[in-house]
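Note sheet for the following structure.
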Amino acid sequence: MKQSWQISPRNAGIGLLAWLAVTNILVWLVYVTDWWILKVPLFLCIVFLPGSAILRILKIVLRTSTVAVLYSFGLSVLVLMLSGLATNQLLYMIGIDRPLELTGILSVWDSITALCIGVSTCLHHRPFYLTRPSSRAALKYTITLSLLSTLLPVGAVLGAFRLNNGGDALVSELTLCYAAGLIILVFLLRQRLTDQVLAWFIFSVGLAILLMTSMRGWDIVGHDIEREFRVYSLTHLYGHWNIGLDRSPYNACLSITILP
């Protein structure tokens with residue numbers, strides 16, 4: 001029989017609010033120190049927190065945690081885009097010339113996320129249950145492989161940085177050997193691993209291969225991304241997104257100019 005943790009709606013709401021508070025702390029720490037190590041947990045907070053709250057509002061029952069992560073990521077990115085557009089338009093209308101500065105955009109994102117958390121807490125009156133592995137062995141395999149898989153993209157990035165700085169390919173080669181070893185290990189343990197862990201492993205391998213090539217070089221390559229980066233640069237310079245700053249037929253596709 002599968003065991004599970006019971007979490008009350010109140011505790012879930014408190015947990016999401018604490019998550020929001022941690023996100024704000026990370027934002028200001030990154031802004032003050034610019035430590036890259038803090039940008040990783042900050043990215044994870046931004047791309048999963050709003051979506052998690054919205055999933056609770058929608059009361060969508062998802063079969064697996066992998067699907068929940070996917071939906072949460074997509075909804076969080078949607079909130080990030082819409083909150084940025086709202087900040088850009090509304091604050092500019094009330095006389096703020098640089099609405100996309102940190103204070104403005106963070107305030108709007110915080111307000112929308114806190115609203116989602118509040119609504120999700122009010123709509124839920126029953127506790128929900130978080131299923132945990134039925135045995136310690138299954139939990140051990142899950143945690144171990146998840147951590148080992150996470151090291152793959154890290155090794156790919158470090159290898160690309162080493163090559164970009166004129167070093168040799170040792171780190172990249174070790175990462176490829178490490179990936180091959182993990183593939184063999186996963187094949188041998190496939191009967192003891194859940195579908196979610198296997199999906200995470202496949203994603204990590206694919207991401208590592210992608211980063212090994214896409215992060216090579218310090219320059220921007222490609223005519224499309226060069227235009228997108230120009231739009232970003234102008235937006236960052238003026239603190240306000242205006243499609244008229246860079247007039248081009250390319251702007252007809254707003255999704256390409258907004259998302260960057």
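Within each chain, counting starts at residue 1; across the structure tokens, chains are named A, B, ... in the order shown, with ligands numbered 1 upward in that order.
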Selection near Pro41 in chain A, 12 Å with only C-alpha atoms, sequence-local residues under 3 positions removed, as number ranges by chain
A: 19, 22-27, 29-30, 35-38, 44-49
Residue subset to file, keeping N, CA and C atoms, as a short mmCIF file (atom, residue, chain, number, x, y, z; two decimals), in the first residue's frame:
```cif
data_model
loop_
_atom_site.label_atom_id
_atom_site.label_comp_id
_atom_site.auth_asym_id
_atom_site.auth_seq_id
_atom_site.Cartn_x
_atom_site.Cartn_y
_atom_site.Cartn_z
N TRP A 19 7.66 30.19 -0.06
CA TRP A 19 8.38 30.05 -1.33
C TRP A 19 8.49 31.40 -2.02
N VAL A 22 11.12 33.50 -0.19
CA VAL A 22 12.47 33.05 -0.55
C VAL A 22 12.85 33.57 -1.94
N THR A 23 11.88 33.55 -2.86
CA THR A 23 12.14 34.05 -4.22
C THR A 23 12.55 35.52 -4.18
N ASN A 24 11.85 36.33 -3.40
CA ASN A 24 12.19 37.75 -3.30
C ASN A 24 13.56 37.96 -2.68
N ILE A 25 13.89 37.16 -1.69
CA ILE A 25 15.22 37.26 -1.08
C ILE A 25 16.30 36.94 -2.11
N LEU A 26 16.06 35.90 -2.90
CA LEU A 26 17.03 35.53 -3.93
C LEU A 26 17.16 36.62 -4.99
N VAL A 27 16.03 37.25 -5.35
CA VAL A 27 16.08 38.33 -6.34
C VAL A 27 17.02 39.44 -5.87
N LEU A 29 19.34 39.32 -3.52
CA LEU A 29 20.72 38.86 -3.36
C LEU A 29 21.44 38.82 -4.71
N VAL A 30 20.75 38.34 -5.75
CA VAL A 30 21.34 38.32 -7.08
C VAL A 30 21.58 39.74 -7.57
N TRP A 35 25.89 36.93 -7.86
CA TRP A 35 26.48 35.60 -7.78
C TRP A 35 25.70 34.66 -8.69
N TRP A 36 26.40 34.01 -9.62
CA TRP A 36 25.71 33.14 -10.57
C TRP A 36 25.12 31.91 -9.89
N ILE A 37 25.73 31.47 -8.78
CA ILE A 37 25.25 30.28 -8.09
C ILE A 37 23.84 30.48 -7.56
N LEU A 38 23.47 31.75 -7.26
CA LEU A 38 22.13 32.04 -6.75
C LEU A 38 21.09 32.14 -7.86
N LEU A 44 14.57 28.51 -10.82
CA LEU A 44 13.63 27.45 -10.49
C LEU A 44 12.41 27.99 -9.75
N CYS A 45 12.63 28.95 -8.87
CA CYS A 45 11.50 29.56 -8.15
C CYS A 45 10.56 30.29 -9.10
N ILE A 46 11.12 31.07 -10.00
CA ILE A 46 10.30 31.88 -10.90
C ILE A 46 9.51 31.01 -11.87
N VAL A 47 10.10 29.93 -12.35
CA VAL A 47 9.44 29.14 -13.39
C VAL A 47 8.59 28.00 -12.84
N PHE A 48 8.44 27.91 -11.52
CA PHE A 48 7.58 26.87 -10.97
C PHE A 48 6.57 27.37 -9.94
N LEU A 49 6.86 28.48 -9.25
CA LEU A 49 5.97 28.94 -8.19
C LEU A 49 4.59 29.36 -8.68
#
```
Can you tell me which residues surround range 217-222 of chain A at a distance of at most 10 Å, considering only C-alpha atoms, apart from same-chain residues fewer than 6 positions away, and format the answer as number ranges by chain?
A: 160-161, 163-165, 229
What would the file look like if the residues just selected were written as a PDB file, in the first residue's frame with N, CA and C atoms?
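Result file is again.pdb:
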```pdb
ATOM      1  N   ALA A 160      31.764  23.443 -21.754  1.00  0.00           N
ATOM      2  CA  ALA A 160      31.660  24.496 -22.770  1.00  0.00           C
ATOM      3  C   ALA A 160      32.417  25.747 -22.337  1.00  0.00           C
ATOM      4  N   PHE A 161      32.295  26.112 -21.066  1.00  0.00           N
ATOM      5  CA  PHE A 161      33.017  27.287 -20.557  1.00  0.00           C
ATOM      6  C   PHE A 161      34.530  27.083 -20.664  1.00  0.00           C
ATOM      7  N   LEU A 163      36.173  25.216 -22.809  1.00  0.00           N
ATOM      8  CA  LEU A 163      36.560  25.349 -24.209  1.00  0.00           C
ATOM      9  C   LEU A 163      36.495  26.803 -24.670  1.00  0.00           C
ATOM     10  N   ASN A 164      35.482  27.537 -24.210  1.00  0.00           N
ATOM     11  CA  ASN A 164      35.356  28.944 -24.600  1.00  0.00           C
ATOM     12  C   ASN A 164      36.525  29.784 -24.101  1.00  0.00           C
ATOM     13  N   ASN A 165      37.100  29.366 -22.974  1.00  0.00           N
ATOM     14  CA  ASN A 165      38.216  30.111 -22.395  1.00  0.00           C
ATOM     15  C   ASN A 165      39.568  29.599 -22.869  1.00  0.00           C
ATOM     16  N   PHE A 229      18.016  39.767 -29.693  1.00  0.00           N
ATOM     17  CA  PHE A 229      18.902  40.338 -28.687  1.00  0.00           C
ATOM     18  C   PHE A 229      18.915  41.861 -28.786  1.00  0.00           C
TER      19      PHE A 229
END
```
Extract the full set of helix (DSSP H, G or I) residues from range 148-195 of chain A according to DSSP on the backbone, and format it as a ChimeraX atom specification.
/A:148-164,170-188,190-192,195
Using DSSP on the backbone coordinates, identify the residues of range 28-156 of chain A assigned to strand (DSSP E or B); present them as a list in words.
Phe128, Tyr129, Leu130, Thr131 and Arg132 of chain A
Surrounding residues of Leu145 in chain A excluding itself and chain neighbours under 6 positions, 9 Å, only C-alpha atoms, as a PyMOL selection string
chain A and resi 182+186+193+197-198+201
At a cut-off of 10 Å, using only C-alpha atoms, what residues contact range 92-97 of chain A? Leave out same-chain residues fewer than 3 positions from it and give the result as a short mmCIF file (atom, residue, chain, number, x, y, z; two decimals) with N, CA and C atoms, in the first residue's frame.
```cif
data_model
loop_
_atom_site.label_atom_id
_atom_site.label_comp_id
_atom_site.auth_asym_id
_atom_site.auth_seq_id
_atom_site.Cartn_x
_atom_site.Cartn_y
_atom_site.Cartn_z
N ALA A 86 1.93 43.52 -18.48
CA ALA A 86 1.10 44.37 -17.63
C ALA A 86 1.92 45.48 -16.99
N THR A 87 3.11 45.11 -16.51
CA THR A 87 4.01 46.12 -15.92
C THR A 87 4.39 47.17 -16.95
N ASN A 88 4.76 46.70 -18.13
CA ASN A 88 5.21 47.60 -19.19
C ASN A 88 4.13 48.60 -19.58
N GLN A 89 2.89 48.16 -19.67
CA GLN A 89 1.81 49.03 -20.14
C GLN A 89 1.20 49.86 -19.02
N LEU A 100 10.01 48.68 -16.45
CA LEU A 100 10.63 47.36 -16.39
C LEU A 100 11.88 47.32 -15.52
N GLU A 101 12.09 48.36 -14.72
CA GLU A 101 13.14 48.28 -13.72
C GLU A 101 12.74 47.24 -12.68
N GLY A 104 9.59 47.77 -10.25
CA GLY A 104 8.28 47.74 -10.88
C GLY A 104 7.85 46.35 -11.28
N TYR A 238 16.21 51.25 -22.16
CA TYR A 238 15.18 52.25 -21.88
C TYR A 238 14.27 51.87 -20.71
N GLY A 239 14.36 50.62 -20.23
CA GLY A 239 13.50 50.19 -19.14
C GLY A 239 12.04 50.12 -19.53
N HIS A 240 11.78 50.05 -20.83
CA HIS A 240 10.39 50.03 -21.33
C HIS A 240 10.40 49.37 -22.69
N TRP A 241 9.46 48.43 -22.90
CA TRP A 241 9.38 47.76 -24.19
C TRP A 241 8.42 48.50 -25.11
#
```
